[in-house]
Amino acid sequence: MAELFTLQIITPDRIFYDQPVEMVELTTTEGQMGIYARHIPLTAVVSPGILTIHQEDGPREAALMSGFIQVLPEKVTILAEVAEWPEDIDENRAKEAKARAERRLKSGSPEVDMARAEMALKRAIVRLEVSK
Ligand code: ATP
């Protein structure tokens, strides 16, 4: 059995998660990360992706959009701007956001902020994946 460490995830309006876990997987601007206990200390910037929390009783998924992660050997803290459990996600809203972002990206219009549309598309895809 893997050694446990404390994972705390704080969003602007709640303590989203605060429990001992075996491993956590998430996406950062540096790429995919999988963190076990006793990881070397580091900080990173969170990118939109699926957060997988490996609890002793099995894995749990959430959508994690942006924020910062601080890794210490016995504690990992994520300050998230937006984090959602599957049941928090409005699937229709995410489908609409996906269609809107795709329309903007296809338009080629100089008025469209392509980087912003790409990030919106990523968030929508993550939400649809997690809510499945
Ligand atoms: P939208 O264009 O639909 O607002 P977005 O990706 O721009 O989507 P965010 O900026 O990531 O939205 O989030 C803004 C707020 O709206 C957050 O509180 C987030 O939890 C909530 N939110 C966004 N999309 C959804 C969804 N599909 N279901 C539930 N909550 C959502």
# chains A, B, ... in the order shown; residues from 1 in each chain; ligands from 1

call {"tool": "residues_near_ligand", "arguments": {"ligand": "ligand 1", "cutoff": "7 Å", "atoms": "only C-alpha atoms and all ligand atoms", "output": "short mmCIF file (atom, residue, chain, number, x, y, z; two decimals) with N, CA and C atoms, in the first residue's frame"}}
result
data_model
loop_
_atom_site.label_atom_id
_atom_site.label_comp_id
_atom_site.auth_asym_id
_atom_site.auth_seq_id
_atom_site.Cartn_x
_atom_site.Cartn_y
_atom_site.Cartn_z
N MET A 65 -9.43 23.67 -13.41
CA MET A 65 -9.24 24.58 -14.53
C MET A 65 -7.97 25.43 -14.45
N VAL A 82 -10.98 27.38 -10.23
CA VAL A 82 -12.21 26.64 -10.51
C VAL A 82 -11.93 25.14 -10.41
N ALA A 83 -12.70 24.44 -9.56
CA ALA A 83 -12.62 22.98 -9.47
C ALA A 83 -14.05 22.46 -9.33
N GLU A 84 -14.35 21.40 -10.06
CA GLU A 84 -15.74 20.88 -10.08
C GLU A 84 -15.76 19.36 -10.01
N ASP A 88 -21.24 18.66 -10.15
CA ASP A 88 -21.32 20.13 -10.21
C ASP A 88 -21.49 20.62 -11.65
N ILE A 89 -21.17 19.73 -12.60
CA ILE A 89 -21.06 20.17 -13.99
C ILE A 89 -22.39 20.13 -14.73
N ASP A 90 -22.72 21.25 -15.35
CA ASP A 90 -23.90 21.36 -16.20
C ASP A 90 -23.44 20.98 -17.62
N GLU A 91 -23.84 19.75 -18.04
CA GLU A 91 -23.33 19.22 -19.29
C GLU A 91 -23.76 20.07 -20.49
N ASN A 92 -25.00 20.54 -20.48
CA ASN A 92 -25.48 21.35 -21.61
C ASN A 92 -24.71 22.64 -21.73
N ARG A 93 -24.44 23.25 -20.58
CA ARG A 93 -23.66 24.49 -20.60
C ARG A 93 -22.27 24.23 -21.19
N ALA A 94 -21.67 23.11 -20.82
CA ALA A 94 -20.34 22.78 -21.34
C ALA A 94 -20.40 22.50 -22.85
N ALA A 97 -20.63 25.82 -24.51
CA ALA A 97 -19.33 26.51 -24.44
C ALA A 97 -18.37 25.91 -25.48
N ALA A 120 -11.01 28.18 -23.62
CA ALA A 120 -12.43 27.89 -23.36
C ALA A 120 -12.80 26.51 -23.89
N ARG A 123 -11.43 23.88 -21.51
CA ARG A 123 -12.25 23.77 -20.29
C ARG A 123 -13.52 22.98 -20.58
N ALA A 124 -14.16 23.27 -21.73
CA ALA A 124 -15.40 22.58 -22.07
C ALA A 124 -15.15 21.08 -22.27
N ARG A 127 -14.67 19.41 -18.92
CA ARG A 127 -15.97 19.26 -18.22
C ARG A 127 -16.78 18.11 -18.80
#

call {"tool": "residues_around", "arguments": {"residues": "Met23 (chain A)", "least_positions_apart": "2", "cutoff": "7 Å", "atoms": "only C-alpha atoms", "output": "compact mmCIF listing (two decimals) with N, CA, C and O atoms, in the first residue's frame"}}
result
# COMPACT_ATOMS: atom_id res chain seq x y z
N VAL A 21 -4.31 11.01 0.86
CA VAL A 21 -4.41 10.30 -0.43
C VAL A 21 -3.11 9.55 -0.73
O VAL A 21 -2.08 9.80 -0.11
N GLU A 25 -3.03 13.08 -9.70
CA GLU A 25 -2.59 13.37 -11.08
C GLU A 25 -3.29 14.62 -11.55
O GLU A 25 -4.51 14.77 -11.34
N GLY A 34 2.20 13.29 -11.80
CA GLY A 34 1.65 12.31 -10.87
C GLY A 34 2.48 12.42 -9.60
O GLY A 34 3.71 12.29 -9.66
N ILE A 35 1.82 12.70 -8.49
CA ILE A 35 2.57 12.98 -7.26
C ILE A 35 2.25 11.96 -6.17
O ILE A 35 1.09 11.77 -5.81
N TYR A 36 3.30 11.36 -5.65
CA TYR A 36 3.20 10.45 -4.50
C TYR A 36 3.76 11.16 -3.27
O TYR A 36 4.36 12.24 -3.38
N ILE A 53 -7.73 11.87 -8.15
CA ILE A 53 -7.27 11.71 -6.77
C ILE A 53 -7.33 10.22 -6.44
O ILE A 53 -8.39 9.60 -6.52
N HIS A 54 -6.19 9.65 -6.12
CA HIS A 54 -6.17 8.23 -5.77
C HIS A 54 -6.28 8.10 -4.26
O HIS A 54 -5.30 8.27 -3.53

call {"tool": "residues_around", "arguments": {"residues": "region 45-48 of chain A", "least_positions_apart": "6", "cutoff": "7 Å", "atoms": "only C-alpha atoms", "output": "PyMOL selection string"}}
result
chain A and resi 27-29+64-69+122-123

call {"tool": "select_by_dssp", "arguments": {"residues": "chain A", "states": "strand (DSSP E)", "output": "PyMOL selection string"}}
result
chain A and resi 5-11+14-21+23-28+31-36+42-46+49-55+58-72+75-84

call {"tool": "residues_around", "arguments": {"residues": "Arg104 (chain A)", "least_positions_apart": "4", "cutoff": "12 Å", "atoms": "only C-alpha atoms", "output": "PDB file with C-alpha atoms, in the first residue's frame"}}
result
ATOM      1  CA  ALA A  97     -19.326  26.511 -24.442  1.00  0.00           C
ATOM      2  CA  LYS A  98     -17.572  23.911 -26.631  1.00  0.00           C
ATOM      3  CA  ALA A  99     -19.660  24.804 -29.717  1.00  0.00           C
ATOM      4  CA  ARG A 100     -19.094  28.526 -29.095  1.00  0.00           C
ATOM      5  CA  GLY A 108     -10.589  33.045 -38.433  1.00  0.00           C
ATOM      6  CA  SER A 109     -11.907  36.497 -37.563  1.00  0.00           C
ATOM      7  CA  PRO A 110      -9.310  39.049 -36.408  1.00  0.00           C
ATOM      8  CA  GLU A 111     -11.790  40.082 -33.690  1.00  0.00           C
ATOM      9  CA  VAL A 112     -11.480  36.670 -32.031  1.00  0.00           C
ATOM     10  CA  ASP A 113      -8.890  36.128 -29.326  1.00  0.00           C
ATOM     11  CA  MET A 114      -7.746  32.666 -30.470  1.00  0.00           C
ATOM     12  CA  ALA A 115      -5.790  31.848 -27.306  1.00  0.00           C
ATOM     13  CA  ARG A 116      -8.847  32.645 -25.199  1.00  0.00           C
ATOM     14  CA  ALA A 117     -11.090  30.513 -27.432  1.00  0.00           C
ATOM     15  CA  GLU A 118      -8.608  27.637 -27.212  1.00  0.00           C
ATOM     16  CA  MET A 119      -8.610  27.787 -23.402  1.00  0.00           C
ATOM     17  CA  ALA A 120     -12.434  27.895 -23.362  1.00  0.00           C
ATOM     18  CA  LEU A 121     -12.510  24.846 -25.663  1.00  0.00           C
TER      19      LEU A 121
END

call {"tool": "closest_residue", "arguments": {"among": "A:Ile125, A:Ala63, A:Ala44, A:Ile78", "to": "Gln8 (chain A)", "atoms": "only C-alpha atoms"}}
result
A:Ile78

call {"tool": "select_by_dssp", "arguments": {"residues": "chain A", "states": "alpha helix (DSSP H)", "output": "number ranges by chain"}}
result
A: 91-107, 114-131

call {"tool": "atom_distance", "arguments": {"atom1": "CA of Glu102 (chain A)", "atom2": "CA of Val126 (chain A)"}}
result
14.5 Å

call {"tool": "closest_residue", "arguments": {"among": "A:Gly31, A:Val71, A:Glu87, A:Glu22", "to": "Thr52 (chain A)", "atoms": "only C-alpha atoms"}}
result
A:Glu22

call {"tool": "atom_distance", "arguments": {"atom1": "CA of Phe5 (chain A)", "atom2": "CA of Leu26 (chain A)"}}
result
15.9 Å
